[in-house]
>>> print(open('model-v4.cif').read())   # mmCIF, C-alpha atoms
data_model
#
loop_
_atom_site.label_atom_id
_atom_site.label_comp_id
_atom_site.auth_asym_id
_atom_site.auth_seq_id
_atom_site.Cartn_x
_atom_site.Cartn_y
_atom_site.Cartn_z
CA MET P 25 0.00 0.00 0.00
CA THR P 26 1.26 3.49 -0.85
CA LYS P 27 1.96 5.77 2.08
CA LYS P 28 0.32 9.15 2.40
CA LYS P 29 2.44 12.20 1.58
CA ASP P 30 2.52 13.12 5.30
CA ASP P 31 4.12 9.75 6.15
CA TYR P 32 7.34 10.59 4.29
CA GLN P 33 9.96 12.25 6.43
CA LEU P 34 11.86 15.31 5.27
CA THR P 35 15.61 15.32 5.55
CA PRO P 36 17.04 17.81 8.10
CA ILE P 37 17.89 20.49 5.50
CA TRP P 38 14.35 20.45 4.09
CA LYS P 39 12.85 20.49 7.61
CA GLU P 40 14.90 23.62 8.29
CA ILE P 41 13.77 25.27 5.05
CA GLU P 42 10.16 24.41 5.81
CA GLU P 43 10.44 26.00 9.27
CA ILE P 44 12.11 29.17 7.93
CA ILE P 45 9.31 29.64 5.44
CA LYS P 46 6.75 29.51 8.27
CA TRP P 47 8.40 32.27 10.37
CA PRO P 48 6.11 35.31 10.52
CA ASP P 49 9.07 37.73 10.34
CA PHE P 50 10.68 36.05 7.32
CA LYS P 51 11.96 38.98 5.23
CA GLY P 52 13.24 37.07 2.20
CA THR P 53 11.44 36.52 -1.03
CA PRO P 54 8.36 34.46 -0.21
CA MET P 55 8.92 30.87 -1.31
CA LYS P 56 6.13 28.59 -2.39
CA THR P 57 6.67 25.18 -0.86
CA ASN P 58 5.26 23.51 -3.96
CA ASP P 59 7.84 25.18 -6.23
CA ASP P 60 10.90 24.86 -4.02
CA PHE P 61 10.35 21.24 -3.03
CA ILE P 62 9.66 20.04 -6.56
CA LEU P 63 12.97 18.21 -7.10
CA TYR P 64 12.99 16.78 -3.57
CA ARG P 65 9.43 15.49 -4.07
CA LYS P 66 10.40 14.02 -7.44
CA ILE P 67 13.31 12.13 -5.86
CA ILE P 68 11.09 10.84 -3.05
CA ASN P 69 8.41 9.80 -5.55
CA PHE P 70 11.02 7.99 -7.63
CA LEU P 71 12.39 6.13 -4.61
CA TYR P 72 9.12 5.25 -2.85
CA ARG P 73 6.29 5.23 -5.35
CA GLY P 74 7.26 2.78 -8.03
CA ALA P 75 10.19 3.67 -10.28
CA ALA P 76 12.88 2.36 -7.93
CA GLY P 77 10.72 -0.70 -7.31
CA THR P 78 10.60 -1.36 -11.04
CA LEU P 79 14.39 -1.06 -11.25
CA PHE P 80 14.71 -3.51 -8.35
CA GLU P 81 12.41 -5.98 -10.10
CA ILE P 82 14.48 -5.75 -13.28
CA LYS P 83 17.70 -6.26 -11.27
CA GLU P 84 16.30 -9.27 -9.39
CA GLY P 85 14.62 -10.79 -12.45
CA LEU P 86 17.31 -10.16 -15.07
CA GLY P 87 20.40 -9.67 -12.91
CA GLU P 88 22.93 -6.85 -12.77
CA LYS P 89 23.67 -7.22 -16.49
CA GLY P 90 20.00 -6.79 -17.39
CA LEU P 91 19.69 -3.76 -15.10
CA LYS P 92 22.80 -2.14 -16.61
CA MET P 93 21.45 -2.72 -20.11
CA PHE P 94 18.08 -1.24 -19.12
CA MET P 95 19.78 1.81 -17.55
CA GLN P 96 21.83 2.30 -20.73
CA TYR P 97 18.57 2.31 -22.68
CA VAL P 98 17.01 4.82 -20.25
CA LEU P 99 19.99 7.16 -20.71
CA PHE P 100 19.67 6.75 -24.50
CA PHE P 101 15.90 7.36 -24.30
CA LEU P 102 16.45 10.60 -22.37
CA SER P 103 19.44 11.73 -24.43
CA ASN P 104 17.91 13.40 -27.46
CA VAL P 105 14.39 14.78 -27.15
CA GLU P 106 14.62 16.28 -30.64
CA ASN P 107 14.52 12.88 -32.35
CA PRO P 108 11.65 10.40 -32.65
CA GLY P 109 12.08 7.34 -30.47
CA HIS P 110 13.29 9.35 -27.51
CA TYR P 111 11.53 10.86 -24.50
CA TYR P 112 9.30 13.79 -25.36
CA PRO P 113 8.73 16.16 -22.41
CA SER P 114 5.21 17.50 -21.94
CA SER P 115 4.58 21.18 -21.29
CA LEU P 116 4.15 20.32 -17.58
CA VAL P 117 7.57 18.63 -17.50
CA LYS P 118 9.14 21.60 -19.30
CA SER P 119 7.57 23.96 -16.74
CA GLN P 120 8.86 21.87 -13.84
CA ILE P 121 12.35 21.81 -15.39
CA LYS P 122 12.34 25.62 -15.38
CA GLN P 123 11.28 25.63 -11.71
CA ILE P 124 14.07 23.21 -10.81
CA GLN P 125 16.62 25.30 -12.71
CA GLU P 126 15.51 28.43 -10.81
CA VAL P 127 16.21 26.84 -7.41
CA ALA P 128 19.16 24.65 -8.43
CA GLY P 129 21.67 27.02 -6.82
CA LEU P 130 19.96 26.75 -3.43
CA PHE P 131 21.05 23.20 -2.70
CA ASP P 132 23.54 20.53 -3.68
CA ILE P 133 22.06 17.36 -5.20
CA ALA P 134 24.81 15.17 -3.70
CA ASP P 135 24.05 16.55 -0.21
CA THR P 136 20.31 16.02 -0.74
CA LEU P 137 20.84 12.39 -1.78
CA ASN P 138 23.27 11.97 1.11
CA GLU P 139 20.61 13.20 3.57
CA ILE P 140 17.99 10.86 2.07
CA SER P 141 20.46 7.97 2.38
CA GLN P 142 21.14 8.76 6.03
CA LEU P 143 17.41 8.92 6.72
CA GLU P 144 16.96 5.49 5.11
CA TYR P 145 19.71 3.92 7.21
CA SER P 146 18.31 5.45 10.39
CA LYS P 147 14.80 4.11 9.60
CA HIS P 148 16.29 0.65 9.83
CA GLY P 149 17.80 1.35 13.23
CA GLU P 150 21.36 2.03 12.20
CA ASN P 151 22.43 5.09 14.18
CA PRO P 152 24.65 6.91 13.56
CA ALA P 153 23.60 6.23 10.03
CA LYS P 154 25.96 5.70 7.15
CA ARG P 155 25.71 8.11 4.28
CA TRP P 156 25.81 7.50 0.58
CA ARG P 157 28.43 9.43 -1.31
CA PRO P 158 28.62 9.78 -5.09
CA ASP P 159 31.76 8.61 -6.81
CA LYS P 160 34.20 11.49 -7.03
#
>>> encode(input="model-v4.cif", output="structure tokens")
Amino acid sequence: MTKKKDDYQLTPIWKEIEEIIKWPDFKGTPMKTNDDFILYRKIINFLYRGAAGTLFEIKEGLGEKGLKMFMQYVLFFLSNVENPGHYYPSSLVKSQIKQIQEVAGLFDIADTLNEISQLEYSKHGENPAKRWRPDK
């Protein structure tokens, strides 16, 4: 069964941002939670609402080699939106890309994924939690 949106925990950095936005004396440019959390929500949706599960099924059913081949195809599919046979972004996707680009300088994707990783380890009782780090 799919969890409700409220059941998903925010990582510490996003909890802090959420609290700052709520302060009555916040003098910065008002931020819309829906706009500024778009990439974070997309990552959470990917991990918990199906796409990562599909990748896991492919890995378990076809092995690492099958998963690598599938991921190569996904990268090819996303690589050239100008040509037929590749992903074609809808106007909604294009709009969300612009929103993500506008806030991209406010956070580091590696740190965000690191925080999500730590949260996952801690959910399983491993404290202090390990953290994922991208290959450098």
>>> resolve_selection(input="model-v4.cif", expression="the PyMOL selection byres ((chain P and resi 124) around 10)", output="PyMOL selection string")
chain P and resi 59-64+118-123+125-129
>>> resolve_selection(input="model-v4.cif", expression="the PyMOL selection byres ((chain P and resi 133) around 12)", output="list in words")
Ile37, Leu63, Tyr64, Ile67, Ile124, Val127, Ala128, Gly129, Leu130, Phe131, Asp132, Ala134, Asp135, Thr136, Leu137, Asn138, Glu139, Ile140, Arg157 and Pro158 of chain P
>>> atom_distance(input="model-v4.cif", atom1="CA of Lys83 in chain P", atom2="CA of Leu99 in chain P")
16.6 Å
>>> atom_distance(input="model-v4.cif", atom1="CA of Gly90 in chain P", atom2="CA of Asn107 in chain P")
25.3 Å
>>> atom_distance(input="model-v4.cif", atom1="CA of Phe100 in chain P", atom2="CA of Tyr112 in chain P")
12.6 Å
>>> residues_around(input="model-v4.cif", residues="Met95 in chain P", least_positions_apart="6", cutoff="10 Å", atoms="all atoms listed in the file", output="ChimeraX atom specification")
/P:79,89,101
>>> write_last_selection(input="model-v4.cif", atoms="C-alpha atoms", output="compact mmCIF listing (two decimals), in the coordinates of the input")
# COMPACT_ATOMS: atom_id res chain seq x y z
CA LEU P 79 14.39 -1.06 -11.25
CA LYS P 89 23.67 -7.22 -16.49
CA PHE P 101 15.90 7.36 -24.30
>>> residues_around(input="model-v4.cif", residues="Tyr111 in chain P", least_positions_apart="5", cutoff="8 Å", atoms="all atoms listed in the file", output="PyMOL selection string")
chain P and resi 101-105
>>> write_last_selection(input="model-v4.cif", atoms="C-alpha atoms", output="PDB file, keeping the file's coordinate frame")
ATOM      1  CA  PHE P 101      15.900   7.360 -24.300  1.00  0.00           C
ATOM      2  CA  LEU P 102      16.450  10.600 -22.370  1.00  0.00           C
ATOM      3  CA  SER P 103      19.440  11.730 -24.430  1.00  0.00           C
ATOM      4  CA  ASN P 104      17.910  13.400 -27.460  1.00  0.00           C
ATOM      5  CA  VAL P 105      14.390  14.780 -27.150  1.00  0.00           C
TER       6      VAL P 105
END
